[in-house]
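Pasting start.txt here (compact mmCIF, C-alpha atoms):
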# COMPACT_ATOMS: atom_id res chain seq x y z
CA MET A 1 34.93 53.96 12.02
CA ALA A 2 34.95 54.82 15.73
CA THR A 3 32.16 53.34 17.84
CA ALA A 4 30.83 54.30 21.24
CA LEU A 5 30.86 51.61 23.93
CA LEU A 6 27.72 51.97 26.05
CA MET A 7 27.02 50.78 29.56
CA PRO A 8 24.76 47.81 28.76
CA LYS A 9 21.17 47.63 29.98
CA GLN A 10 20.68 45.15 32.81
CA GLY A 11 17.01 44.26 33.07
CA ASN A 12 14.14 46.65 33.44
CA SER A 13 14.85 47.82 36.99
CA VAL A 14 18.54 48.82 36.73
CA GLU A 15 19.18 52.49 36.00
CA SER A 16 22.94 52.67 36.49
CA CYS A 17 26.02 50.55 37.15
CA LEU A 18 29.17 51.22 39.17
CA ILE A 19 32.47 50.59 37.36
CA LEU A 20 34.66 48.40 39.55
CA GLU A 21 37.74 47.87 37.40
CA TRP A 22 38.86 48.34 33.81
CA MET A 23 40.37 45.16 32.40
CA LYS A 24 41.59 47.07 29.35
CA LYS A 25 43.17 50.51 29.11
CA GLU A 26 43.40 53.20 26.45
CA GLY A 27 45.52 51.96 23.56
CA ASP A 28 44.66 48.29 24.06
CA ARG A 29 43.35 46.27 21.14
CA VAL A 30 40.04 44.47 21.70
CA ASN A 31 37.78 42.11 19.79
CA VAL A 32 34.02 41.77 19.93
CA GLY A 33 33.16 39.94 23.13
CA ASP A 34 36.35 40.80 25.02
CA VAL A 35 35.70 41.80 28.62
CA VAL A 36 36.74 45.44 28.96
CA CYS A 37 35.59 46.15 32.51
CA GLU A 38 33.68 44.85 35.50
CA ALA A 39 30.70 46.77 36.84
CA GLU A 40 28.27 46.36 39.70
CA THR A 41 24.52 46.86 39.78
CA ASP A 42 22.67 47.20 43.05
CA LYS A 43 22.41 43.40 43.13
CA ALA A 44 25.10 41.73 40.98
CA THR A 45 28.51 42.06 39.36
CA ILE A 46 28.60 42.05 35.56
CA GLU A 47 31.28 41.85 32.90
CA VAL A 48 31.02 44.49 30.20
CA GLU A 49 32.05 43.15 26.81
CA SER A 50 33.32 45.04 23.80
CA THR A 51 30.70 45.52 21.10
CA ALA A 52 33.27 46.44 18.42
CA GLU A 53 36.71 45.44 17.17
CA GLY A 54 39.52 47.95 17.34
CA THR A 55 41.59 50.00 19.76
CA ILE A 56 40.26 51.67 22.89
CA LEU A 57 40.78 55.31 21.97
CA LYS A 58 39.16 56.91 24.98
CA ILE A 59 37.79 55.88 28.39
CA PHE A 60 35.44 58.44 29.87
CA TYR A 61 34.85 57.05 33.35
CA GLY A 62 37.29 55.71 35.90
CA PRO A 63 36.80 53.02 38.58
CA ASP A 64 34.28 53.71 41.36
CA THR A 65 32.18 55.81 38.99
CA GLU A 66 28.44 55.29 38.55
CA VAL A 67 27.36 55.32 34.92
CA PRO A 68 23.74 55.32 33.69
CA VAL A 69 22.80 52.40 31.46
CA GLN A 70 22.96 53.05 27.73
CA LYS A 71 25.39 55.91 28.31
CA MET A 72 28.70 56.17 26.44
CA MET A 73 31.60 55.01 28.60
CA ALA A 74 34.40 54.60 26.03
CA VAL A 75 35.23 54.90 22.31
CA ILE A 76 36.64 52.07 20.19
CA GLY A 77 38.15 52.65 16.75
CA GLU A 78 41.44 52.78 14.89
CA PRO A 79 44.52 54.71 16.07
CA GLY A 80 44.53 58.27 14.78
CA GLU A 81 40.77 58.50 14.22
CA ASP A 82 39.09 61.78 15.05
CA ILE A 83 36.92 61.29 18.11
CA SER A 84 36.27 64.96 18.84
CA SER A 85 32.55 64.50 18.25
CA PHE A 86 32.43 61.81 20.95
CA GLU A 87 34.39 64.01 23.36
CA ALA A 88 32.05 66.92 22.65
CA GLU A 89 29.04 64.70 23.31
CA PHE A 90 30.55 63.56 26.59
CA ALA A 91 31.39 67.13 27.62
CA ALA A 92 27.85 68.23 26.81
CA SER A 93 26.49 65.52 29.13
CA GLY A 94 27.90 67.38 32.13
CA ASP A 95 30.41 64.67 33.07
CA GLY A 96 33.40 66.26 31.43
CA ALA A 97 35.27 66.59 34.72
CA SER A 98 35.56 62.80 34.86
CA ALA A 99 37.22 62.46 31.47
CA SER A 100 40.78 62.47 32.78
CA ALA A 101 40.16 60.04 35.65
CA PRO A 102 40.61 56.77 33.70
CA ALA A 103 44.05 57.70 32.47
CA ALA A 104 45.29 58.06 36.03
CA ALA A 105 43.50 54.91 37.06
CA GLN A 106 45.44 52.89 34.48
CA ALA A 107 48.87 54.29 35.34
CA ALA A 108 51.49 52.16 37.05
CA PRO A 109 52.07 52.69 40.77
CA ALA A 110 54.60 55.42 41.45
CA VAL A 111 56.25 57.13 44.39
CA ASN A 112 54.31 60.06 45.79
CA SER A 113 56.91 62.69 45.15
CA THR A 114 54.49 65.59 45.62
CA GLY A 115 54.43 65.21 49.38
CA GLY A 116 50.92 66.61 49.31
CA ASP A 117 47.96 65.45 51.39
CA SER A 118 45.74 65.69 48.30
CA PHE A 119 47.58 62.66 46.90
CA VAL A 120 46.32 60.51 49.80
CA SER A 121 42.97 58.76 49.48
CA PRO A 122 40.28 59.76 52.02
CA ARG A 123 40.29 56.31 53.60
CA ALA A 124 44.08 56.31 53.92
CA ARG A 125 43.99 59.85 55.32
CA ASN A 126 41.44 58.87 57.99
CA LEU A 127 43.45 55.82 58.99
CA ALA A 128 46.66 57.85 59.23
CA ALA A 129 44.96 60.60 61.25
CA GLY A 130 43.63 58.04 63.72
CA LYS A 131 47.21 56.83 64.26
CA GLY A 132 48.77 60.30 64.37
CA PHE A 133 50.78 59.39 61.28
CA ASP A 134 51.79 61.61 58.36
CA ALA A 135 51.03 59.68 55.17
CA SER A 136 51.83 62.42 52.67
CA GLY A 137 55.39 61.22 52.13
CA LEU A 138 54.61 57.56 51.55
CA ALA A 139 55.15 55.75 48.27
CA GLY A 140 51.66 55.04 46.96
CA SER A 141 50.56 51.85 45.25
CA GLY A 142 47.20 53.20 44.10
CA PRO A 143 46.26 54.64 40.69
CA GLY A 144 48.86 57.15 39.57
CA GLY A 145 50.93 56.55 42.69
CA ARG A 146 48.18 57.65 45.06
CA VAL A 147 48.59 56.63 48.70
CA ILE A 148 45.80 54.24 49.60
CA GLU A 149 44.78 52.38 52.76
CA ARG A 150 47.08 49.41 52.28
CA ASP A 151 50.10 51.74 52.05
CA VAL A 152 49.28 53.28 55.43
CA LEU A 153 48.61 49.87 56.96
CA GLY A 154 52.00 48.69 55.74
CA ALA A 155 53.72 51.74 57.20
CA LEU A 156 51.89 51.41 60.50
CA ALA A 157 52.47 47.70 60.96
CA GLY A 158 53.71 47.23 64.52
CA LYS A 159 53.96 50.99 65.19
CA GLU A 160 51.57 51.68 68.04
CA PRO A 161 52.49 54.63 70.34
CA LEU A 162 53.49 52.14 73.08
CA THR A 163 54.92 48.71 72.53
CA PRO A 164 53.00 45.85 74.20
CA ALA A 165 55.84 45.43 76.71
CA ALA A 166 55.75 49.15 77.51
CA VAL A 167 51.99 49.10 78.07
CA ALA A 168 52.26 46.09 80.40
CA ALA A 169 55.14 47.63 82.39
CA ALA A 170 53.40 51.00 82.70
CA ILE A 171 50.32 49.34 84.20
CA GLU A 172 52.01 46.72 86.39
CA GLN A 173 54.96 48.79 87.69
CA GLY A 174 53.42 52.25 87.80
CA LEU A 175 55.84 53.68 85.24
CA THR A 176 55.20 56.84 83.25
CA ALA A 177 55.27 57.03 79.45
CA PRO A 178 56.82 60.10 77.79
CA ALA A 179 55.02 61.98 75.04
CA GLU A 180 57.49 60.59 72.49
CA GLY A 181 59.78 57.60 72.59
CA THR A 182 62.98 56.49 70.95
CA GLY A 183 61.33 53.89 68.76
CA ILE A 184 60.62 54.20 65.09
CA GLY A 185 58.24 57.06 64.45
CA GLY A 186 58.45 58.12 68.10
CA ARG A 187 57.09 54.85 69.44
CA VAL A 188 57.51 54.45 73.19
CA ARG A 189 59.61 51.44 74.11
CA LEU A 190 60.13 49.73 77.47
CA GLN A 191 63.42 51.56 78.14
CA ASP A 192 61.70 54.93 77.55
CA LEU A 193 59.46 54.51 80.60
CA SER A 194 60.18 56.58 83.69
CA SER A 195 60.18 55.20 87.23
CA ALA A 196 58.33 58.28 88.47
CA PRO A 197 54.84 57.19 89.49
CA ALA A 198 52.11 58.45 87.25
CA ALA A 199 49.44 58.12 89.98
CA SER A 200 49.11 56.90 93.52
CA THR A 201 46.75 54.09 92.67
CA ALA A 202 46.61 51.23 90.21
CA ALA A 203 43.62 52.91 88.60
CA GLY A 204 45.65 56.08 88.10
CA THR A 205 48.50 54.09 86.55
CA ALA A 206 46.15 52.42 84.12
CA ALA A 207 44.61 55.77 83.24
CA SER A 208 48.05 57.22 82.54
CA ALA A 209 48.95 54.38 80.21
CA SER A 210 45.55 54.67 78.55
CA ALA A 211 46.02 58.38 78.04
CA ALA A 212 49.18 57.69 76.06
CA LEU A 213 47.19 55.64 73.58
CA PRO A 214 45.53 57.41 70.64
CA PHE A 215 41.85 58.24 70.91
CA PRO A 216 39.58 57.12 69.37
CA GLY A 217 42.18 54.89 67.75
CA ALA A 218 42.20 53.45 64.27
CA PHE A 219 39.01 53.50 62.26
CA ARG A 220 37.95 53.51 58.64
CA ASP A 221 35.06 55.00 56.72
CA GLU A 222 33.42 53.19 53.84
CA LYS A 223 31.07 54.85 51.40
CA VAL A 224 27.73 53.09 51.45
CA LYS A 225 27.01 51.86 47.94
CA GLY A 226 25.84 48.92 45.90
CA VAL A 227 23.67 46.29 47.59
CA ARG A 228 24.00 47.80 51.09
CA LYS A 229 22.83 51.22 49.92
CA ILE A 230 19.85 49.84 48.05
CA THR A 231 18.88 47.49 50.89
CA ALA A 232 19.03 50.33 53.42
CA ALA A 233 16.79 52.55 51.30
CA ARG A 234 14.26 49.81 50.62
CA MET A 235 14.02 48.66 54.23
CA MET A 236 13.44 52.20 55.47
CA GLU A 237 10.88 52.76 52.74
CA SER A 238 9.16 49.50 53.67
CA LEU A 239 8.81 50.47 57.34
CA SER A 240 7.68 54.02 56.60
CA MET A 241 5.05 53.13 53.99
CA THR A 242 3.48 49.95 55.40
CA ALA A 243 1.65 48.95 58.58
CA GLN A 244 3.69 45.89 59.54
CA LEU A 245 2.57 43.32 62.09
CA THR A 246 4.19 39.99 62.94
CA HIS A 247 2.63 36.69 64.05
CA ASN A 248 4.99 34.14 65.64
CA PHE A 249 4.06 30.46 65.73
CA THR A 250 5.57 26.97 65.66
CA ALA A 251 4.85 23.71 63.87
CA ASP A 252 5.65 20.13 64.83
CA ALA A 253 8.71 19.30 62.72
CA THR A 254 8.69 15.53 63.23
CA GLU A 255 7.49 14.65 59.72
CA LEU A 256 9.50 17.47 58.13
CA LEU A 257 12.76 16.20 59.63
CA ALA A 258 11.89 12.60 58.79
CA TYR A 259 11.41 13.42 55.12
CA ARG A 260 14.62 15.47 55.09
CA ALA A 261 16.49 12.43 56.46
CA LYS A 262 14.93 10.15 53.84
CA PHE A 263 15.92 12.50 51.01
CA LYS A 264 19.47 12.80 52.34
CA ASN A 265 19.87 9.01 52.44
CA SER A 266 18.08 8.32 49.15
CA PRO A 267 19.88 6.79 46.13
CA GLU A 268 22.15 9.33 44.46
CA GLU A 269 20.55 8.80 41.04
CA LEU A 270 17.26 10.21 42.36
CA GLY A 271 18.88 13.61 42.86
CA LEU A 272 17.15 14.27 46.19
CA GLY A 273 20.17 14.24 48.51
CA LYS A 274 20.56 18.03 48.53
CA VAL A 275 16.92 18.88 49.24
CA SER A 276 17.06 21.10 52.33
CA ILE A 277 14.59 21.90 55.08
CA ASN A 278 14.23 25.36 53.52
CA ASP A 279 13.37 23.79 50.17
CA ILE A 280 10.62 21.73 51.79
CA VAL A 281 9.24 24.78 53.60
CA MET A 282 9.26 26.80 50.37
CA PHE A 283 7.43 23.97 48.64
CA ALA A 284 4.80 23.94 51.39
CA ALA A 285 4.44 27.74 51.28
CA SER A 286 3.98 27.73 47.51
CA ARG A 287 1.03 25.36 47.90
CA VAL A 288 -0.54 27.20 50.83
CA LEU A 289 -0.30 30.54 49.00
CA LYS A 290 -2.56 29.10 46.30
CA LEU A 291 -5.21 28.72 49.03
CA HIS A 292 -4.65 32.29 50.26
CA PRO A 293 -4.59 34.63 47.24
CA GLU A 294 -4.85 37.59 49.62
CA PHE A 295 -1.20 36.94 50.53
CA ASN A 296 0.01 36.17 47.01
CA CYS A 297 -0.55 39.71 45.86
CA HIS A 298 0.86 43.23 45.69
CA TRP A 299 -0.47 46.26 47.56
CA LEU A 300 -0.54 49.22 45.15
CA GLY A 301 -2.14 51.78 47.42
CA ASP A 302 -5.62 51.93 45.93
CA THR A 303 -5.39 48.58 44.14
CA MET A 304 -4.72 44.96 45.12
CA ARG A 305 -3.00 42.96 42.36
CA TYR A 306 -3.66 39.23 42.77
CA PHE A 307 -1.41 36.71 40.99
CA ASP A 308 -2.52 33.34 39.68
CA SER A 309 1.02 31.93 39.97
CA VAL A 310 3.32 31.97 43.00
CA HIS A 311 6.67 33.65 42.34
CA LEU A 312 8.59 32.91 45.51
CA GLY A 313 11.43 35.15 46.64
CA PHE A 314 13.87 33.90 49.27
CA ALA A 315 16.54 35.78 51.17
CA CYS A 316 20.10 34.77 50.28
CA ASP A 317 23.20 35.88 52.16
CA THR A 318 26.10 36.74 49.82
CA PRO A 319 29.54 38.39 50.12
CA LYS A 320 27.93 41.56 48.74
CA GLY A 321 25.01 41.52 51.17
CA LEU A 322 21.44 40.29 51.20
CA LEU A 323 19.88 39.38 47.86
CA VAL A 324 16.41 38.00 47.14
CA PRO A 325 16.36 35.74 44.07
CA VAL A 326 12.95 34.65 42.80
CA ILE A 327 11.75 31.13 41.97
CA LYS A 328 9.31 31.83 39.15
CA ASN A 329 6.10 29.73 39.08
CA ALA A 330 7.13 27.91 42.26
CA ASP A 331 3.65 26.44 42.66
CA SER A 332 4.05 24.46 39.43
CA LEU A 333 7.41 22.90 40.36
CA SER A 334 7.97 19.58 42.08
CA LEU A 335 10.06 19.61 45.25
CA LYS A 336 13.05 18.29 43.30
CA GLU A 337 12.66 21.00 40.64
CA LEU A 338 12.18 23.74 43.22
CA SER A 339 15.27 22.60 45.14
CA ALA A 340 17.40 22.58 41.97
CA GLU A 341 16.24 26.06 40.97
CA ALA A 342 16.92 27.42 44.46
CA ALA A 343 20.44 25.94 44.37
CA ARG A 344 21.08 27.48 40.95
CA LEU A 345 19.95 30.92 42.09
CA ILE A 346 21.97 30.76 45.31
CA ALA A 347 25.14 29.92 43.37
CA ALA A 348 24.51 32.75 40.89
CA CYS A 349 23.96 35.24 43.71
CA ARG A 350 27.07 34.26 45.65
CA GLU A 351 29.22 34.33 42.52
CA GLY A 352 27.85 37.75 41.58
CA LYS A 353 26.35 36.40 38.36
CA ALA A 354 22.63 36.66 39.11
CA GLN A 355 20.78 38.59 36.43
CA PRO A 356 18.59 41.54 37.48
CA ASP A 357 15.46 39.80 36.18
CA GLU A 358 16.23 36.86 38.50
CA LEU A 359 16.08 39.23 41.48
CA THR A 360 12.72 40.86 40.81
CA GLY A 361 9.08 39.90 40.47
CA ALA A 362 8.40 38.06 43.74
CA THR A 363 4.81 37.83 44.94
CA PHE A 364 5.81 36.55 48.41
CA THR A 365 9.15 36.07 50.20
CA LEU A 366 10.72 33.68 52.73
CA SER A 367 13.68 34.49 54.98
CA ASN A 368 15.36 31.61 56.81
CA VAL A 369 17.57 32.36 59.83
CA GLY A 370 17.13 28.98 61.49
CA ALA A 371 20.75 28.00 60.88
CA PHE A 372 21.80 30.82 63.24
CA GLY A 373 19.68 29.48 66.10
CA ILE A 374 17.14 32.32 65.97
CA ASP A 375 13.89 31.41 67.77
CA SER A 376 11.79 34.24 66.30
CA PHE A 377 12.30 37.59 64.58
CA THR A 378 10.51 40.31 62.66
CA PRO A 379 11.28 40.03 58.94
CA ILE A 380 10.66 43.19 56.92
CA ILE A 381 8.31 43.15 53.92
CA ASN A 382 9.60 43.78 50.41
CA PRO A 383 6.96 46.16 48.98
CA PRO A 384 4.75 45.91 47.02
CA GLU A 385 4.48 42.38 48.46
CA ILE A 386 2.22 42.25 51.52
CA GLY A 387 3.84 39.38 53.38
CA ILE A 388 7.10 37.68 54.26
CA LEU A 389 7.52 34.41 56.16
CA GLY A 390 10.47 34.07 58.50
CA VAL A 391 11.75 30.54 59.08
CA CYS A 392 13.40 30.04 62.47
CA SER A 393 15.32 27.35 64.32
CA THR A 394 14.07 23.93 65.39
CA GLN A 395 13.68 23.44 69.15
CA LEU A 396 12.31 20.70 71.40
CA LYS A 397 8.93 21.50 72.95
CA PRO A 398 6.83 19.51 75.44
CA VAL A 399 3.64 18.03 73.96
CA ARG A 400 0.86 16.35 75.94
CA THR A 401 -0.02 12.96 74.42
CA ALA A 402 -2.00 9.89 75.43
CA ASN A 403 1.22 8.51 76.89
CA GLY A 404 1.97 11.61 78.91
CA VAL A 405 4.30 14.50 78.04
CA GLU A 406 6.69 14.00 75.13
CA TYR A 407 9.34 16.31 73.75
CA ARG A 408 9.11 16.87 69.99
CA ASP A 409 10.99 19.04 67.55
CA HIS A 410 9.14 22.21 66.57
CA ILE A 411 10.17 24.69 63.88
CA GLY A 412 9.50 28.39 64.44
CA PHE A 413 7.90 30.80 61.97
CA SER A 414 7.39 34.58 61.91
CA LEU A 415 4.85 36.00 59.46
CA THR A 416 5.08 39.75 58.89
CA TYR A 417 2.25 41.24 56.85
CA ASP A 418 0.97 44.66 55.83
CA HIS A 419 -2.12 45.41 57.90
CA GLN A 420 -3.23 47.84 55.21
CA ALA A 421 -3.83 44.89 52.91
CA ALA A 422 -4.67 42.03 55.27
CA ASP A 423 -6.32 41.69 58.66
CA GLY A 424 -5.37 39.58 61.65
CA ALA A 425 -7.90 36.81 61.10
CA PRO A 426 -6.83 35.96 57.51
CA ALA A 427 -3.20 36.18 58.61
CA SER A 428 -3.84 33.76 61.46
CA LYS A 429 -5.60 31.34 59.11
CA PHE A 430 -2.63 31.54 56.74
CA CYS A 431 -0.29 30.71 59.65
CA ALA A 432 -2.50 27.78 60.64
CA ASP A 433 -2.39 26.39 57.09
CA ILE A 434 1.41 26.76 56.98
CA ARG A 435 1.54 24.78 60.21
CA THR A 436 -0.76 22.08 58.79
CA ALA A 437 1.28 21.80 55.59
CA VAL A 438 4.58 21.45 57.48
CA GLU A 439 3.21 18.94 59.95
CA ASN A 440 1.67 16.87 57.12
CA ILE A 441 4.22 17.49 54.38
CA GLY A 442 3.84 13.96 52.98
CA ILE A 443 0.25 14.72 51.93
CA TYR A 444 1.28 17.93 50.19
CA LEU A 445 4.11 16.17 48.38
CA ALA A 446 1.55 13.75 46.95
CA LEU A 447 -0.68 16.52 45.53
As structure tokens:
Amino acid sequence: MATALLMPKQGNSVESCLILEWMKKEGDRVNVGDVVCEAETDKATIEVESTAEGTILKIFYGPDTEVPVQKMMAVIGEPGEDISSFEAEFAASGDGASASAPAAAQAAPAVNSTGGDSFVSPRARNLAAGKGFDASGLAGSGPGGRVIERDVLGALAGKEPLTPAAVAAAIEQGLTAPAEGTGIGGRVRLQDLSSAPAASTAAGTAASASAALPFPGAFRDEKVKGVRKITAARMMESLSMTAQLTHNFTADATELLAYRAKFKNSPEELGLGKVSINDIVMFAASRVLKLHPEFNCHWLGDTMRYFDSVHLGFACDTPKGLLVPVIKNADSLSLKELSAEAARLIAACREGKAQPDELTGATFTLSNVGAFGIDSFTPIINPPEIGILGVCSTQLKPVRTANGVEYRDHIGFSLTYDHQAADGAPASKFCADIRTAVENIGIYLAL
């Protein structure tokens, strides 16, 4: 009996997924648990597994199509089964125009014999237009023989309007370039240049050679989607709906760096060698937040929701963009446990395997840009959280001591908070306690 394959639900916050690639095509036999396609949420890449055994009789959505969760995306059954009821259900959903897309997407590459511009992808068309190149006659390697960007790049390889030698000669010797040369595709070669001066000055010669080059030159457009699209929307929403203010401060990092060195050189069996400065700062923040419940809360407009436990989000750079995994109950973890959980979440995010529930639920967030040498910055709050702590680089600062002026390492911090929910004095006290915890981390580790 034919069975509908649904786009699986991915946590409570995911409403739809973008199909990246079908691993199986119509007519393929699948077993329960076989991966049939890869899809992308706004935060992670997932593998969609078959929930039935049989043959894929119909695929309703092609690659690069956004499908709501729990919506039918394919039908699995036995060859010859009547699936008209499934097709009618799909047509009634309003997505019937997409029904034929998967078949083309699974076809083998073919030569574009139509010669039509409609058989060229938008990205390939834009690239070709920027180069003054007609891509309609190319052999396409995309779905169904469609000409895609890599086909145009291959055809354009080494085919600029002027060769490098021609450009250099035109500028240095004052030669003039014709509108079309004798090279492949009309490319202007060195021997095509004329000895007639293009201008009376070097500047005029350069301008002439420049004019022969295409303007604005090659470019490509990319549709904003996935993580970038969601991040853009959330950041704009954050700035438009909150009253954000940032306090910048530093803390003496002498003890922090000393403990980091001890952990790095500790016996391997203790499992402390990979504890990072960021791990230690997150540990300190999780303890300080317990003393400042007004920052371990959510601003809900007319309500403040205070949390007993600290669920610490931290910014993580990935190939897909910025993600914020969450260390649940961070205040109850030892430094070693917190470090291990952070490492696990970072790996999951960068491999595209983080689950949606691992990327939601933070009560406070840290963002560390110290590795890039940033002295201070203005991190943006993730609503409904009311605060985010930026961790900056470590720099030497002069300190007056009993022995005179000494230079000591100081680590920078930037606290951004929502002034709707917290005032400057509590924020300053929170900063002071972060400083105290970092400068006396050994005491906090003993608690």
- prompt: Using all atoms listed in the file, which residues sit within 7 Å of range 19-27 of chain A once same-chain residues fewer than 2 positions away are excluded, as number ranges by chain?
  reply: A: 17, 29, 35-40, 55-59, 63-66, 106
query: CA of Val326 in chain A and CA of Val288 in chain A, how far apart in Å?
result: 17.4 Å
message: Neighbouring residues of Arg305 in chain A were defined as those with any atom within 12 Å, considering all atoms listed in the file; residues of the same chain fewer than 6 positions away were excluded. Please report them as a list in words.
response: Pro293, Glu294, Phe295, Asn296, Cys297, His298, Trp299, Thr363, Pro384, Glu385, Ile386 and Ala421 of chain A
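Interatomic distance, CA of Thr394 in chain A against CA of Asn368 in chain A: 11.6 Å.
Relative to CA of Glu180 in chain A, CA of Val152 in chain A is found at 20.3 Å.
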Nearest candidate to Thr360 in chain A (options A:Val227, A:Leu5, A:Ala343, A:Leu312; using only C-alpha atoms): A:Leu312
